[in-house]
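Asks: This is structure-v1.pdb (PDB, C-alpha atoms).
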MODEL        1
ATOM      1  CA  MET A 717     -48.550-131.906  57.453  1.00  0.00           C
ATOM      2  CA  SER A 718     -45.278-130.484  56.181  1.00  0.00           C
ATOM      3  CA  ALA A 719     -43.456-133.548  57.545  1.00  0.00           C
ATOM      4  CA  VAL A 720     -45.748-135.819  55.550  1.00  0.00           C
ATOM      5  CA  ALA A 721     -45.306-133.673  52.452  1.00  0.00           C
ATOM      6  CA  ASP A 722     -41.545-133.721  52.939  1.00  0.00           C
ATOM      7  CA  ASN A 723     -41.533-137.531  53.049  1.00  0.00           C
ATOM      8  CA  TYR A 724     -44.101-138.029  50.312  1.00  0.00           C
ATOM      9  CA  ALA A 725     -41.471-139.463  47.958  1.00  0.00           C
ATOM     10  CA  ALA A 726     -40.705-142.248  50.448  1.00  0.00           C
ATOM     11  CA  LEU A 727     -44.406-143.082  50.746  1.00  0.00           C
ATOM     12  CA  GLN A 728     -44.779-143.008  46.960  1.00  0.00           C
ATOM     13  CA  LYS A 729     -41.898-145.440  46.648  1.00  0.00           C
ATOM     14  CA  LEU A 730     -43.935-147.800  48.815  1.00  0.00           C
ATOM     15  CA  GLY A 731     -46.996-147.256  46.619  1.00  0.00           C
ATOM     16  CA  CYS A 732     -48.788-145.334  49.348  1.00  0.00           C
ATOM     17  CA  GLU A 733     -50.964-142.321  48.533  1.00  0.00           C
ATOM     18  CA  VAL A 734     -51.680-139.531  50.994  1.00  0.00           C
ATOM     19  CA  VAL A 735     -54.854-137.524  51.592  1.00  0.00           C
ATOM     20  CA  SER A 736     -54.963-134.864  54.292  1.00  0.00           C
ATOM     21  CA  VAL A 737     -58.243-133.664  55.788  1.00  0.00           C
ATOM     22  CA  SER A 738     -59.159-130.671  57.943  1.00  0.00           C
ATOM     23  CA  VAL A 739     -62.153-128.398  58.456  1.00  0.00           C
ATOM     24  CA  ASP A 740     -60.473-125.616  56.487  1.00  0.00           C
ATOM     25  CA  SER A 741     -61.877-124.816  53.057  1.00  0.00           C
ATOM     26  CA  HIS A 742     -59.944-125.838  49.954  1.00  0.00           C
ATOM     27  CA  PHE A 743     -59.330-122.112  49.430  1.00  0.00           C
ATOM     28  CA  VAL A 744     -57.552-121.890  52.785  1.00  0.00           C
ATOM     29  CA  HIS A 745     -55.581-125.043  51.923  1.00  0.00           C
ATOM     30  CA  LYS A 746     -54.320-123.189  48.864  1.00  0.00           C
ATOM     31  CA  MET A 747     -53.312-120.174  50.958  1.00  0.00           C
ATOM     32  CA  TRP A 748     -51.533-122.343  53.525  1.00  0.00           C
ATOM     33  CA  ASN A 749     -49.708-124.176  50.780  1.00  0.00           C
ATOM     34  CA  ASP A 750     -48.775-121.058  48.839  1.00  0.00           C
ATOM     35  CA  HIS A 751     -47.749-118.912  51.809  1.00  0.00           C
ATOM     36  CA  GLU A 752     -46.166-121.296  54.257  1.00  0.00           C
ATOM     37  CA  LEU A 753     -45.836-124.951  53.269  1.00  0.00           C
ATOM     38  CA  VAL A 754     -44.109-124.139  50.001  1.00  0.00           C
ATOM     39  CA  LYS A 755     -41.360-122.560  52.136  1.00  0.00           C
ATOM     40  CA  MET A 756     -40.935-125.823  54.059  1.00  0.00           C
ATOM     41  CA  VAL A 757     -41.393-128.341  51.267  1.00  0.00           C
ATOM     42  CA  ASP A 758     -39.908-128.019  47.807  1.00  0.00           C
ATOM     43  CA  GLY A 759     -42.729-127.518  45.312  1.00  0.00           C
ATOM     44  CA  GLY A 760     -45.421-127.387  47.985  1.00  0.00           C
ATOM     45  CA  VAL A 761     -47.817-130.089  49.103  1.00  0.00           C
ATOM     46  CA  PRO A 762     -47.847-132.899  46.532  1.00  0.00           C
ATOM     47  CA  PHE A 763     -51.032-134.668  47.666  1.00  0.00           C
ATOM     48  CA  HIS A 764     -54.759-133.889  47.924  1.00  0.00           C
ATOM     49  CA  MET A 765     -55.662-131.557  50.788  1.00  0.00           C
ATOM     50  CA  ALA A 766     -59.317-132.326  51.404  1.00  0.00           C
ATOM     51  CA  SER A 767     -61.810-129.996  53.026  1.00  0.00           C
ATOM     52  CA  ASP A 768     -64.389-131.268  55.515  1.00  0.00           C
ATOM     53  CA  GLN A 769     -65.995-128.066  56.803  1.00  0.00           C
ATOM     54  CA  ALA A 770     -69.033-129.779  58.295  1.00  0.00           C
ATOM     55  CA  GLY A 771     -66.976-132.566  59.883  1.00  0.00           C
ATOM     56  CA  ASN A 772     -68.909-135.350  58.141  1.00  0.00           C
ATOM     57  CA  VAL A 773     -65.800-137.317  57.261  1.00  0.00           C
ATOM     58  CA  GLY A 774     -64.242-136.665  60.656  1.00  0.00           C
ATOM     59  CA  ARG A 775     -67.330-138.028  62.419  1.00  0.00           C
ATOM     60  CA  ALA A 776     -67.204-141.235  60.408  1.00  0.00           C
ATOM     61  CA  TYR A 777     -63.566-141.677  61.446  1.00  0.00           C
ATOM     62  CA  GLY A 778     -64.108-140.759  65.097  1.00  0.00           C
ATOM     63  CA  VAL A 779     -61.824-137.736  65.065  1.00  0.00           C
ATOM     64  CA  TRP A 780     -64.465-134.999  65.221  1.00  0.00           C
ATOM     65  CA  ASP A 781     -64.124-132.744  68.278  1.00  0.00           C
ATOM     66  CA  GLU A 782     -67.591-131.321  68.839  1.00  0.00           C
ATOM     67  CA  ALA A 783     -66.482-128.737  71.434  1.00  0.00           C
ATOM     68  CA  GLN A 784     -63.803-127.160  69.274  1.00  0.00           C
ATOM     69  CA  GLY A 785     -65.338-127.825  65.871  1.00  0.00           C
ATOM     70  CA  ILE A 786     -62.112-129.312  64.605  1.00  0.00           C
ATOM     71  CA  GLU A 787     -60.690-132.682  63.683  1.00  0.00           C
ATOM     72  CA  LEU A 788     -58.213-134.285  66.030  1.00  0.00           C
ATOM     73  CA  ARG A 789     -54.844-135.412  64.788  1.00  0.00           C
ATOM     74  CA  GLY A 790     -55.623-138.834  63.380  1.00  0.00           C
ATOM     75  CA  ARG A 791     -53.977-141.034  60.828  1.00  0.00           C
ATOM     76  CA  PHE A 792     -55.457-144.084  59.204  1.00  0.00           C
ATOM     77  CA  LEU A 793     -53.593-146.598  57.087  1.00  0.00           C
ATOM     78  CA  ILE A 794     -55.949-148.107  54.515  1.00  0.00           C
ATOM     79  CA  ASP A 795     -54.978-151.113  52.391  1.00  0.00           C
ATOM     80  CA  PRO A 796     -55.621-151.648  48.646  1.00  0.00           C
ATOM     81  CA  ASP A 797     -58.950-153.347  49.484  1.00  0.00           C
ATOM     82  CA  GLY A 798     -60.106-150.245  51.364  1.00  0.00           C
ATOM     83  CA  VAL A 799     -59.738-151.882  54.773  1.00  0.00           C
ATOM     84  CA  THR A 800     -58.346-149.856  57.673  1.00  0.00           C
ATOM     85  CA  GLN A 801     -55.242-151.654  58.960  1.00  0.00           C
ATOM     86  CA  ALA A 802     -53.972-149.115  61.487  1.00  0.00           C
ATOM     87  CA  MET A 803     -55.158-145.958  63.176  1.00  0.00           C
ATOM     88  CA  GLU A 804     -53.765-143.476  65.641  1.00  0.00           C
ATOM     89  CA  VAL A 805     -55.581-140.484  67.105  1.00  0.00           C
ATOM     90  CA  MET A 806     -53.881-137.796  69.173  1.00  0.00           C
ATOM     91  CA  THR A 807     -54.905-134.516  70.774  1.00  0.00           C
ATOM     92  CA  PRO A 808     -53.513-131.564  68.842  1.00  0.00           C
ATOM     93  CA  PRO A 809     -50.387-130.406  70.748  1.00  0.00           C
ATOM     94  CA  VAL A 810     -48.219-133.422  69.911  1.00  0.00           C
ATOM     95  CA  GLY A 811     -47.211-134.095  66.337  1.00  0.00           C
ATOM     96  CA  ARG A 812     -46.827-137.476  64.712  1.00  0.00           C
ATOM     97  CA  ARG A 813     -43.600-139.281  63.938  1.00  0.00           C
ATOM     98  CA  LEU A 814     -43.765-140.271  60.314  1.00  0.00           C
ATOM     99  CA  ALA A 815     -40.927-142.808  60.511  1.00  0.00           C
ATOM    100  CA  GLU A 816     -43.201-145.057  62.563  1.00  0.00           C
ATOM    101  CA  THR A 817     -46.008-144.686  60.031  1.00  0.00           C
ATOM    102  CA  VAL A 818     -43.637-145.659  57.224  1.00  0.00           C
ATOM    103  CA  ARG A 819     -42.479-148.675  59.234  1.00  0.00           C
ATOM    104  CA  GLN A 820     -46.087-149.751  59.666  1.00  0.00           C
ATOM    105  CA  VAL A 821     -46.745-149.400  55.926  1.00  0.00           C
ATOM    106  CA  GLN A 822     -43.747-151.664  55.281  1.00  0.00           C
ATOM    107  CA  ALA A 823     -44.837-154.175  57.930  1.00  0.00           C
ATOM    108  CA  PHE A 824     -48.439-154.366  56.687  1.00  0.00           C
ATOM    109  CA  GLN A 825     -47.225-154.691  53.120  1.00  0.00           C
ATOM    110  CA  HIS A 826     -44.907-157.531  54.150  1.00  0.00           C
ATOM    111  CA  VAL A 827     -47.736-159.360  55.908  1.00  0.00           C
ATOM    112  CA  ARG A 828     -50.060-158.823  52.950  1.00  0.00           C
ATOM    113  CA  LYS A 829     -47.431-160.165  50.529  1.00  0.00           C
ATOM    114  CA  SER A 830     -47.141-163.305  52.642  1.00  0.00           C
ATOM    115  CA  GLN A 831     -50.925-163.609  52.353  1.00  0.00           C
ATOM    116  CA  GLY A 832     -51.174-163.485  56.104  1.00  0.00           C
ATOM    117  CA  ASN A 833     -48.788-166.401  56.684  1.00  0.00           C
ATOM    118  CA  GLU A 834     -46.194-164.210  58.362  1.00  0.00           C
ATOM    119  CA  ALA A 835     -46.477-161.790  61.244  1.00  0.00           C
ATOM    120  CA  THR A 836     -44.043-159.086  62.275  1.00  0.00           C
ATOM    121  CA  PRO A 837     -43.001-159.101  65.937  1.00  0.00           C
ATOM    122  CA  ALA A 838     -42.732-156.016  68.126  1.00  0.00           C
ATOM    123  CA  GLY A 839     -40.034-153.640  66.980  1.00  0.00           C
ATOM    124  CA  TRP A 840     -39.823-155.294  63.549  1.00  0.00           C
ATOM    125  CA  MET A 841     -37.943-153.410  60.886  1.00  0.00           C
ATOM    126  CA  PRO A 842     -37.713-154.373  57.197  1.00  0.00           C
ATOM    127  CA  GLY A 843     -35.121-157.140  56.811  1.00  0.00           C
ATOM    128  CA  ASP A 844     -35.686-158.472  60.322  1.00  0.00           C
ATOM    129  CA  PRO A 845     -36.951-162.045  60.738  1.00  0.00           C
ATOM    130  CA  THR A 846     -40.714-162.483  60.856  1.00  0.00           C
ATOM    131  CA  LEU A 847     -42.817-165.014  62.712  1.00  0.00           C
ATOM    132  CA  THR A 848     -44.803-167.763  61.033  1.00  0.00           C
ATOM    133  CA  PRO A 849     -47.713-168.494  63.344  1.00  0.00           C
ATOM    134  CA  GLY A 850     -48.532-172.181  63.584  1.00  0.00           C
ATOM    135  CA  PRO A 851     -48.334-175.182  65.904  1.00  0.00           C
ATOM    136  CA  ASP A 852     -44.515-175.197  65.826  1.00  0.00           C
ATOM    137  CA  LEU A 853     -44.312-171.632  67.075  1.00  0.00           C
ATOM    138  CA  VAL A 854     -46.437-172.130  70.167  1.00  0.00           C
ATOM    139  CA  GLY A 855     -44.145-171.827  73.181  1.00  0.00           C
ATOM    140  CA  ASN A 856     -41.167-171.331  70.889  1.00  0.00           C
ATOM    141  CA  VAL A 857     -41.269-167.639  70.107  1.00  0.00           C
ATOM    142  CA  TRP A 858     -38.287-167.196  72.486  1.00  0.00           C
ATOM    143  CA  LYS A 859     -36.131-169.221  70.076  1.00  0.00           C
ATOM    144  CA  VAL A 860     -36.710-166.883  67.153  1.00  0.00           C
ATOM    145  CA  TRP A 861     -37.345-163.508  68.749  1.00  0.00           C
ATOM    146  CA  LYS A 862     -35.844-161.687  71.695  1.00  0.00           C
ATOM    147  CA  PRO A 863     -37.401-158.592  73.236  1.00  0.00           C
ATOM    148  CA  GLY A 864     -34.013-156.831  73.034  1.00  0.00           C
ATOM    149  CA  ALA A 865     -35.021-155.801  69.511  1.00  0.00           C
ATOM    150  CA  GLU A 866     -37.055-153.085  71.122  1.00  0.00           C
ATOM    151  CA  ARG A 867     -35.114-151.624  74.027  1.00  0.00           C
ATOM    152  CA  VAL A 868     -36.565-148.281  74.992  1.00  0.00           C
ATOM    153  CA  GLY A 869     -34.351-145.780  76.731  1.00  0.00           C
ATOM    154  CA  VAL A 870     -35.892-142.926  78.728  1.00  0.00           C
TER     155      VAL A 870
ATOM    156  CA  MET B 272     -60.885-137.080  40.066  1.00  0.00           C
ATOM    157  CA  SER B 273     -64.395-135.762  39.391  1.00  0.00           C
ATOM    158  CA  ASP B 274     -65.868-132.352  38.631  1.00  0.00           C
ATOM    159  CA  PRO B 275     -64.069-129.554  40.435  1.00  0.00           C
ATOM    160  CA  PRO B 276     -66.211-127.563  42.841  1.00  0.00           C
ATOM    161  CA  LYS B 277     -67.573-124.396  41.255  1.00  0.00           C
ATOM    162  CA  GLY B 278     -68.825-121.041  42.424  1.00  0.00           C
ATOM    163  CA  CYS B 279     -69.274-119.873  45.981  1.00  0.00           C
ATOM    164  CA  ALA B 280     -71.256-122.781  47.405  1.00  0.00           C
ATOM    165  CA  ARG B 281     -69.917-123.765  50.795  1.00  0.00           C
ATOM    166  CA  LEU B 282     -68.624-127.204  50.052  1.00  0.00           C
ATOM    167  CA  THR B 283     -67.801-129.866  52.547  1.00  0.00           C
ATOM    168  CA  GLY B 284     -66.816-133.476  52.745  1.00  0.00           C
ATOM    169  CA  ALA B 285     -69.504-136.150  52.738  1.00  0.00           C
ATOM    170  CA  VAL B 286     -69.525-139.803  53.533  1.00  0.00           C
ATOM    171  CA  ILE B 287     -70.524-141.967  50.576  1.00  0.00           C
ATOM    172  CA  GLY B 288     -73.205-144.540  51.162  1.00  0.00           C
ATOM    173  CA  GLY B 289     -74.331-142.924  54.405  1.00  0.00           C
ATOM    174  CA  GLY B 290     -77.954-143.000  53.248  1.00  0.00           C
ATOM    175  CA  PRO B 291     -80.525-140.229  53.671  1.00  0.00           C
ATOM    176  CA  GLU B 292     -79.804-139.992  57.382  1.00  0.00           C
ATOM    177  CA  SER B 293     -76.246-138.794  56.803  1.00  0.00           C
ATOM    178  CA  ASN B 294     -75.469-135.117  57.275  1.00  0.00           C
ATOM    179  CA  THR B 295     -76.386-133.487  53.992  1.00  0.00           C
ATOM    180  CA  PRO B 296     -75.199-129.899  53.690  1.00  0.00           C
ATOM    181  CA  GLY B 297     -78.220-127.606  53.559  1.00  0.00           C
ATOM    182  CA  ALA B 298     -80.627-130.237  54.805  1.00  0.00           C
ATOM    183  CA  PRO B 299     -83.142-129.056  57.388  1.00  0.00           C
ATOM    184  CA  GLU B 300     -81.815-129.457  60.914  1.00  0.00           C
ATOM    185  CA  THR B 301     -84.536-131.923  61.841  1.00  0.00           C
ATOM    186  CA  THR B 302     -83.500-134.403  59.179  1.00  0.00           C
ATOM    187  CA  ARG B 303     -79.886-134.450  60.332  1.00  0.00           C
ATOM    188  CA  LYS B 304     -78.603-137.181  62.546  1.00  0.00           C
ATOM    189  CA  GLU B 305     -75.207-137.716  64.063  1.00  0.00           C
ATOM    190  CA  ALA B 306     -73.236-139.934  61.747  1.00  0.00           C
ATOM    191  CA  THR B 307     -71.958-142.936  63.614  1.00  0.00           C
ATOM    192  CA  VAL B 308     -68.297-143.763  63.767  1.00  0.00           C
ATOM    193  CA  THR B 309     -67.601-146.579  61.373  1.00  0.00           C
ATOM    194  CA  ALA B 310     -63.806-146.538  61.157  1.00  0.00           C
ATOM    195  CA  ARG B 311     -62.366-149.632  62.821  1.00  0.00           C
ATOM    196  CA  VAL B 312     -59.249-151.648  62.128  1.00  0.00           C
ATOM    197  CA  GLY B 313     -59.961-154.724  60.041  1.00  0.00           C
ATOM    198  CA  GLN B 314     -63.131-153.142  58.646  1.00  0.00           C
ATOM    199  CA  LYS B 315     -63.818-151.337  55.398  1.00  0.00           C
ATOM    200  CA  ALA B 316     -62.858-147.677  55.798  1.00  0.00           C
ATOM    201  CA  PRO B 317     -65.783-145.258  55.315  1.00  0.00           C
ATOM    202  CA  ASP B 318     -65.724-143.946  51.763  1.00  0.00           C
ATOM    203  CA  PHE B 319     -66.071-140.203  51.347  1.00  0.00           C
ATOM    204  CA  THR B 320     -65.891-137.444  48.823  1.00  0.00           C
ATOM    205  CA  ALA B 321     -64.582-133.984  49.607  1.00  0.00           C
ATOM    206  CA  PRO B 322     -63.493-130.805  47.837  1.00  0.00           C
ATOM    207  CA  ALA B 323     -59.722-130.597  47.701  1.00  0.00           C
ATOM    208  CA  TYR B 324     -56.771-128.449  46.798  1.00  0.00           C
ATOM    209  CA  PHE B 325     -54.333-130.431  44.669  1.00  0.00           C
ATOM    210  CA  ARG B 326     -51.214-129.159  42.914  1.00  0.00           C
ATOM    211  CA  GLY B 327     -52.428-125.659  42.178  1.00  0.00           C
ATOM    212  CA  GLY B 328     -56.040-126.501  41.378  1.00  0.00           C
ATOM    213  CA  PHE B 329     -59.358-127.285  43.000  1.00  0.00           C
ATOM    214  CA  THR B 330     -60.839-130.722  42.548  1.00  0.00           C
ATOM    215  CA  SER B 331     -62.708-133.301  44.537  1.00  0.00           C
ATOM    216  CA  VAL B 332     -61.193-136.386  46.067  1.00  0.00           C
ATOM    217  CA  SER B 333     -62.727-139.665  47.183  1.00  0.00           C
ATOM    218  CA  LEU B 334     -61.229-142.577  49.058  1.00  0.00           C
ATOM    219  CA  SER B 335     -62.618-145.099  46.561  1.00  0.00           C
ATOM    220  CA  GLY B 336     -60.685-143.263  43.840  1.00  0.00           C
ATOM    221  CA  PHE B 337     -57.531-144.814  45.316  1.00  0.00           C
ATOM    222  CA  ALA B 338     -58.803-148.413  45.288  1.00  0.00           C
ATOM    223  CA  GLY B 339     -55.880-150.776  44.736  1.00  0.00           C
ATOM    224  CA  LYS B 340     -53.411-148.479  46.476  1.00  0.00           C
ATOM    225  CA  TRP B 341     -52.358-148.010  50.070  1.00  0.00           C
ATOM    226  CA  VAL B 342     -53.678-144.747  51.464  1.00  0.00           C
ATOM    227  CA  LEU B 343     -52.489-142.735  54.419  1.00  0.00           C
ATOM    228  CA  LEU B 344     -55.436-140.611  55.533  1.00  0.00           C
ATOM    229  CA  CYS B 345     -54.308-137.797  57.826  1.00  0.00           C
ATOM    230  CA  PHE B 346     -56.669-135.591  59.812  1.00  0.00           C
ATOM    231  CA  TYR B 347     -55.240-132.518  61.526  1.00  0.00           C
ATOM    232  CA  PRO B 348     -56.689-129.656  63.582  1.00  0.00           C
ATOM    233  CA  GLY B 349     -56.253-126.888  61.065  1.00  0.00           C
ATOM    234  CA  ASP B 350     -54.195-125.038  58.508  1.00  0.00           C
ATOM    235  CA  PHE B 351     -51.681-122.549  59.925  1.00  0.00           C
ATOM    236  CA  THR B 352     -51.443-124.427  63.211  1.00  0.00           C
ATOM    237  CA  PHE B 353     -48.046-125.053  64.684  1.00  0.00           C
ATOM    238  CA  VAL B 354     -47.341-128.756  65.096  1.00  0.00           C
TER     239      VAL B 354
ENDMDL
END
Written as structure tokens, that's how I'd like the structure from this file.

Replies:
Amino acid sequence: MSAVADNYAALQKLGCEVVSVSVDSHFVHKMWNDHELVKMVDGGVPFHMASDQAGNVGRAYGVWDEAQGIELRGRFLIDPDGVTQAMEVMTPPVGRRLAETVRQVQAFQHVRKSQGNEATPAGWMPGDPTLTPGPDLVGNVWKVWKPGAERVGV
Amino acid sequence: MSDPPKGCARLTGAVIGGGPESNTPGAPETTRKEATVTARVGQKAPDFTAPAYFRGGFTSVSLSGFAGKWVLLCFYPGDFTFV
């Protein structure tokens, strides 16, 4: 969560709010903020840290782990109409990479601004060309987009 | 956003609009049912209200309170964990 808090300003610039949720009480959230997170993030956590001790919210979002009584690492990007546009759920030991979340916010915002007329191809970054789905594009994606935009090295 | 939680009641998050079959804190065990997963891409995200810590104070937060804005909703396993 400290990574999200640390990049909150970038998300704010995009008009994106953040709410974090765990099964800890709001009192424990305060302790975590005051004793640890404030040492990682200037001024502490700037967004709402919600408490879901009974897991009701986690169940609705499919991240409730019955065996452990915790919520799995899950992030949901919700648009201004309250519609979920993206979700990612991970088991606890691997953390998220916020840069990808920010990219998705930018991509979904771009698509929304185009009123759904444009789509962003794989590997799209802000400023890159988009695709305009329609009869002219069928069979012609190769002319406007090359897979080299997303070359993965391992 | 709304009234801050008071006293020592054990507060928890709750889904809004879940109806009487949703998990109500303190409800007899027999009346509780497993809430069904409703979060799906392209669908309305389940609204909820939950007690929250926010900038030094205690309050409650709901998803619908952010209508008109993009929201990044992040679940995580627990405070004081390592990742």

Asks: At a cut-off of 8 Å, which residues of chain B touch chain A? Count all atoms listed in the file and give the answer as a PyMOL selection string.

Replies: chain B and resi 282-286+294+296+306-317+319+321-327+329+331-332+335+337-351+354

Asks: Can you list, as a PyMOL selection string, the residues that the PyMOL selection byres ((chain A and resi 852-869) around 12) selects here?

Replies: chain A and resi 834-841+844-851+870

Asks: For atom CA of B:Thr320 and atom CA of A:Gln820, quote the distance in Å rounded to one decimal.

Replies: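 Separating atom CA of B:Thr320 from atom CA of A:Gln820 is a distance of 25.7 Å.
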
Asks: If you take every atom of stretch 848-867 of chain A that the file lists and fit an axis-aligned box around them with 6 Å extra on each side, what centre and edge lengths come out in Å to one decimal, as JSON?

Replies:
{"center_x": -41.3, "center_y": -163.4, "center_z": 67.5, "size_x": 26.5, "size_y": 35.6, "size_z": 25.0}

Asks: Give me, please, the distance in Å between atom CA of A:Asp722 and atom CA of A:Val757, quoted to one decimal.

Replies: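 Computing the Euclidean distance for atom CA of A:Asp722 and atom CA of A:Val757 yields 5.6 Å.
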
Asks: To one decimal in Å, tell me the separation between atom CA of B:Gly288 and atom CA of B:Leu334.

Replies: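 Answer for the atom CA of B:Gly288 to atom CA of B:Leu334 separation: 12.3 Å.
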